[in-house]
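Report on one structure; see the data block that follows.
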Amino acid sequence: MQMDMHIHTNWTDGKNSMEEMIFEAEKLNLEEIAFTDHIRTTSSYYDDYVKSIEAVSKITEIKIRTGYEAKICDFFGNIDVAENVAKRAEVRIASVHRFPVENGLKSADTFSKEEAQNIEKELTVNAITNNSGLLFNIIGHCGGMSISKFGEFPEDYFDEIIKLCVEFDIAFEINYRYHTKYLRELNSKLTKYNPYVTFGTDAHKQEDMKIERGKQFG
Ligand SMILES: [Zn+2]
Ligand SMILES: [Zn+2]
């Protein structure tokens, strides 16, 4: 399946419009995409966002899914999205972004590599195990903050999280922005544990959607 289930647009911090991202997806012969802009509990744009997706769906053959990316707020597994928004979205990604520690949001590089990896794993594990299934159904760019700041996320942490995805019916996202160096390892782990899997580029502009598709996963 030629898909991209993680795309940002100029509705939040992406550079291009929905129409421009669809145009790129058509050039790449994608069959299915999801618009997954950043959401917060306080966001008020989602009604218009859903309407806009309905409108642009009419101009393309590509199946377009309604989605969002929400951040994991704390170590209790709270997710920064409102229930009424969650009920309207199919592709519901929860991701670790900045770390909620000491009454603030801290970048991963405020910590040592090991500390950052542990914090990121704990935030992810707690979100999955406290999840009701409504606020998210995909764990986004697992280990991504540690990978982007330190180049690594421990393999046994991936194992632990993938097993929890299976247990709690959460899809594991292969994210082409953060997981490039782990594609081979993740491929064998995902084959071994067999969770639901989604694929996304995390594109913030048209050029980001151009990746080698279907090489690692048939
Ligand atoms: Zn993200
Ligand atoms: Zn994203």
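Residues are referred to by chain and number: the chain letter is A, B, ... according to the order shown in the structure tokens, the number counts from 1 in that chain, and ligands are numbered separately from 1 in the order shown.
With only C-alpha atoms taken into account, the protein and nucleic acid residues at most 12 Å from A:Thr60 (excluding it and anything under 4 positions from it in its own chain) are Met18, Glu19, Glu20, Met21, Ile22, Phe23, Glu24, Ala25, Glu26, Lys27, Asn29, Leu30, Glu31, Glu32, Ile33, Ile53, Glu54, Ala55, Val56 and Ile64 of chain A.
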Please give me, as a PDB file with C-alpha atoms, in the first residue's frame, the residues lying within 12 Å of ligand 2 when counting only C-alpha atoms and all ligand atoms.
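Here's the written file result09.pdb:
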ATOM      1  CA  ASP A   4       1.479   8.416   4.100  1.00  0.00           C
ATOM      2  CA  MET A   5      -0.361   8.518   7.393  1.00  0.00           C
ATOM      3  CA  HIS A   6       1.508  11.472   8.954  1.00  0.00           C
ATOM      4  CA  ILE A   7       1.343  14.786   7.090  1.00  0.00           C
ATOM      5  CA  HIS A   8       1.383  18.369   8.375  1.00  0.00           C
ATOM      6  CA  THR A   9       0.012  21.351   6.472  1.00  0.00           C
ATOM      7  CA  THR A  12      -0.368  24.334  11.835  1.00  0.00           C
ATOM      8  CA  ASP A  13       3.402  24.327  11.285  1.00  0.00           C
ATOM      9  CA  GLY A  14       3.563  22.847   7.797  1.00  0.00           C
ATOM     10  CA  ALA A  34      -3.827  11.354   6.366  1.00  0.00           C
ATOM     11  CA  PHE A  35      -3.642  14.981   7.410  1.00  0.00           C
ATOM     12  CA  THR A  36      -2.374  14.935  10.971  1.00  0.00           C
ATOM     13  CA  ASP A  37      -1.768  18.490  12.080  1.00  0.00           C
ATOM     14  CA  HIS A  38      -0.771  19.352  15.620  1.00  0.00           C
ATOM     15  CA  ILE A  39      -3.668  19.557  18.029  1.00  0.00           C
ATOM     16  CA  GLY A  67      -6.231  12.924  11.706  1.00  0.00           C
ATOM     17  CA  TYR A  68      -4.122  14.782  14.206  1.00  0.00           C
ATOM     18  CA  GLU A  69      -0.915  14.529  16.156  1.00  0.00           C
ATOM     19  CA  ALA A  70      -1.280  15.224  19.868  1.00  0.00           C
ATOM     20  CA  LYS A  71       1.490  15.343  22.417  1.00  0.00           C
ATOM     21  CA  ARG A  92      -5.056   9.713  16.024  1.00  0.00           C
ATOM     22  CA  ILE A  93      -1.336   9.953  16.700  1.00  0.00           C
ATOM     23  CA  ALA A  94       0.143  10.523  20.160  1.00  0.00           C
ATOM     24  CA  SER A  95       3.806  11.519  20.243  1.00  0.00           C
ATOM     25  CA  VAL A  96       6.446  12.499  22.745  1.00  0.00           C
ATOM     26  CA  HIS A  97       7.707  15.978  21.938  1.00  0.00           C
ATOM     27  CA  ILE A 138      -1.117   5.274  16.947  1.00  0.00           C
ATOM     28  CA  ILE A 139       2.105   5.891  18.824  1.00  0.00           C
ATOM     29  CA  GLY A 140       4.017   8.426  16.715  1.00  0.00           C
ATOM     30  CA  HIS A 141       7.782   8.439  16.049  1.00  0.00           C
ATOM     31  CA  CYS A 142       8.674   6.166  18.976  1.00  0.00           C
ATOM     32  CA  GLY A 144      12.201  10.091  17.993  1.00  0.00           C
ATOM     33  CA  MET A 145      13.361  12.792  20.404  1.00  0.00           C
ATOM     34  CA  GLU A 173       4.239   4.164  13.441  1.00  0.00           C
ATOM     35  CA  ILE A 174       7.226   3.777  11.161  1.00  0.00           C
ATOM     36  CA  ASN A 175       8.186   7.423  10.867  1.00  0.00           C
ATOM     37  CA  TYR A 176      10.483   8.246   7.971  1.00  0.00           C
ATOM     38  CA  ARG A 177      11.681  11.470   9.573  1.00  0.00           C
ATOM     39  CA  TYR A 178      13.048   9.796  12.705  1.00  0.00           C
ATOM     40  CA  PHE A 199       3.751   4.526   7.825  1.00  0.00           C
ATOM     41  CA  GLY A 200       4.262   8.261   7.767  1.00  0.00           C
ATOM     42  CA  THR A 201       6.807  10.770   6.521  1.00  0.00           C
ATOM     43  CA  ASP A 202       5.932  13.455   9.105  1.00  0.00           C
ATOM     44  CA  ALA A 203       6.142  15.791   6.113  1.00  0.00           C
ATOM     45  CA  HIS A 204       6.055  19.512   6.873  1.00  0.00           C
ATOM     46  CA  LYS A 205       6.459  20.441   3.197  1.00  0.00           C
ATOM     47  CA  ASP A 208       9.438  15.687   2.686  1.00  0.00           C
TER      48      ASP A 208
END
If you run DSSP on the backbone, which residues of stretch 62-197 of chain A are strand (DSSP E), as a PyMOL selection string?
chain A and resi 63-71+91-95+99-101+104-106+138-139+171-175+197
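For A:Ser112, the set of protein, DNA and RNA residues having any atom at most 12 Å away, when counting only C-alpha atoms and skipping those fewer than 4 positions along the same chain, is A:Ser107, A:Ala108, A:Ala116, A:Gln117, A:Asn118, A:Ile119, A:Ser146, A:Lys149, A:Phe150.
Here the question is which of A:Asn126, A:Ser44, A:Ser188, A:Asn16 gets nearest to A:Cys73 using only C-alpha atoms, and that residue is A:Asn126.
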Residues flagged alpha helix (DSSP H) by DSSP in stretch 153-185 of chain A, as a PyMOL selection string:
chain A and resi 155-168+183-185
With N, CA, C and O atoms retained, export the selected residues as a compact mmCIF listing (two decimals), in the first residue's frame.
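For reference, selection20.txt as written:
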# COMPACT_ATOMS: atom_id res chain seq x y z
N GLU A 155 17.42 -0.71 21.56
CA GLU A 155 16.58 -1.72 20.87
C GLU A 155 15.61 -2.39 21.83
O GLU A 155 14.48 -2.71 21.47
N ASP A 156 16.06 -2.65 23.08
CA ASP A 156 15.13 -3.33 24.00
C ASP A 156 13.98 -2.40 24.41
O ASP A 156 12.92 -2.87 24.79
N TYR A 157 14.18 -1.08 24.30
CA TYR A 157 13.06 -0.16 24.54
C TYR A 157 12.04 -0.27 23.41
O TYR A 157 10.83 -0.24 23.65
N PHE A 158 12.55 -0.39 22.19
CA PHE A 158 11.63 -0.62 21.07
C PHE A 158 10.83 -1.90 21.29
O PHE A 158 9.61 -1.93 21.10
N ASP A 159 11.52 -2.96 21.70
CA ASP A 159 10.84 -4.24 21.94
C ASP A 159 9.72 -4.08 22.96
O ASP A 159 8.60 -4.53 22.74
N GLU A 160 10.06 -3.44 24.07
CA GLU A 160 9.09 -3.28 25.15
C GLU A 160 7.86 -2.51 24.66
O GLU A 160 6.71 -2.90 24.92
N ILE A 161 8.10 -1.44 23.91
CA ILE A 161 6.99 -0.60 23.46
C ILE A 161 6.16 -1.32 22.39
O ILE A 161 4.92 -1.26 22.41
N ILE A 162 6.83 -2.03 21.49
CA ILE A 162 6.08 -2.75 20.45
C ILE A 162 5.20 -3.83 21.07
O ILE A 162 4.05 -4.02 20.68
N LYS A 163 5.72 -4.52 22.08
CA LYS A 163 4.90 -5.55 22.75
C LYS A 163 3.67 -4.92 23.41
O LYS A 163 2.58 -5.50 23.38
N LEU A 164 3.85 -3.74 24.00
CA LEU A 164 2.70 -3.06 24.61
C LEU A 164 1.70 -2.62 23.54
O LEU A 164 0.49 -2.63 23.78
N CYS A 165 2.20 -2.22 22.38
CA CYS A 165 1.29 -1.85 21.28
C CYS A 165 0.39 -3.04 20.94
O CYS A 165 -0.81 -2.88 20.71
N VAL A 166 0.97 -4.23 20.90
CA VAL A 166 0.19 -5.43 20.61
C VAL A 166 -0.85 -5.63 21.71
O VAL A 166 -2.04 -5.82 21.45
N GLU A 167 -0.40 -5.55 22.95
CA GLU A 167 -1.28 -5.82 24.09
C GLU A 167 -2.44 -4.82 24.17
O GLU A 167 -3.56 -5.18 24.51
N PHE A 168 -2.16 -3.55 23.83
CA PHE A 168 -3.17 -2.50 24.00
C PHE A 168 -3.81 -2.06 22.68
O PHE A 168 -4.50 -1.04 22.64
N LEU A 183 15.16 1.27 10.25
CA LEU A 183 14.14 0.58 9.46
C LEU A 183 14.33 -0.94 9.46
O LEU A 183 13.39 -1.70 9.59
N ARG A 184 15.59 -1.36 9.32
CA ARG A 184 15.84 -2.81 9.27
C ARG A 184 15.48 -3.48 10.60
O ARG A 184 14.76 -4.48 10.64
N GLU A 185 15.96 -2.87 11.69
CA GLU A 185 15.67 -3.44 13.02
C GLU A 185 14.17 -3.45 13.29
O GLU A 185 13.62 -4.43 13.79
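The space between atom 1 (Zn, counted along the ligand's line) of ligand 1 and atom CA of A:Glu61 spans 27.2 Å.
Each of A:Thr180, A:Asn130, A:Asn194, A:Ser148 was compared to ligand 1 using only C-alpha atoms and all ligand atoms, and A:Ser148 turns out to be the nearest.
Minimum atom-to-atom distances from A:Asn10, A:Thr124, A:Thr41, A:Gln206 to A:Asp74 were compared using only C-alpha atoms, and the lowest value belongs to A:Thr124.
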Between atom CA of A:Thr42 and atom CA of A:Val85, what is the distance, to one decimal in Å?
10.7 Å
All residues 8 Å or closer to A:Phe75, only C-alpha atoms, same chain fewer than 2 positions away omitted, as JSON, numbers by chain
{"A": [73, 77, 78, 100, 122, 123, 126, 127]}
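Using only C-alpha atoms and all ligand atoms, the nearest neighbour of ligand 1 within the list A:Ile72, A:Leu190, A:Ala82, A:Val197 is A:Ile72.
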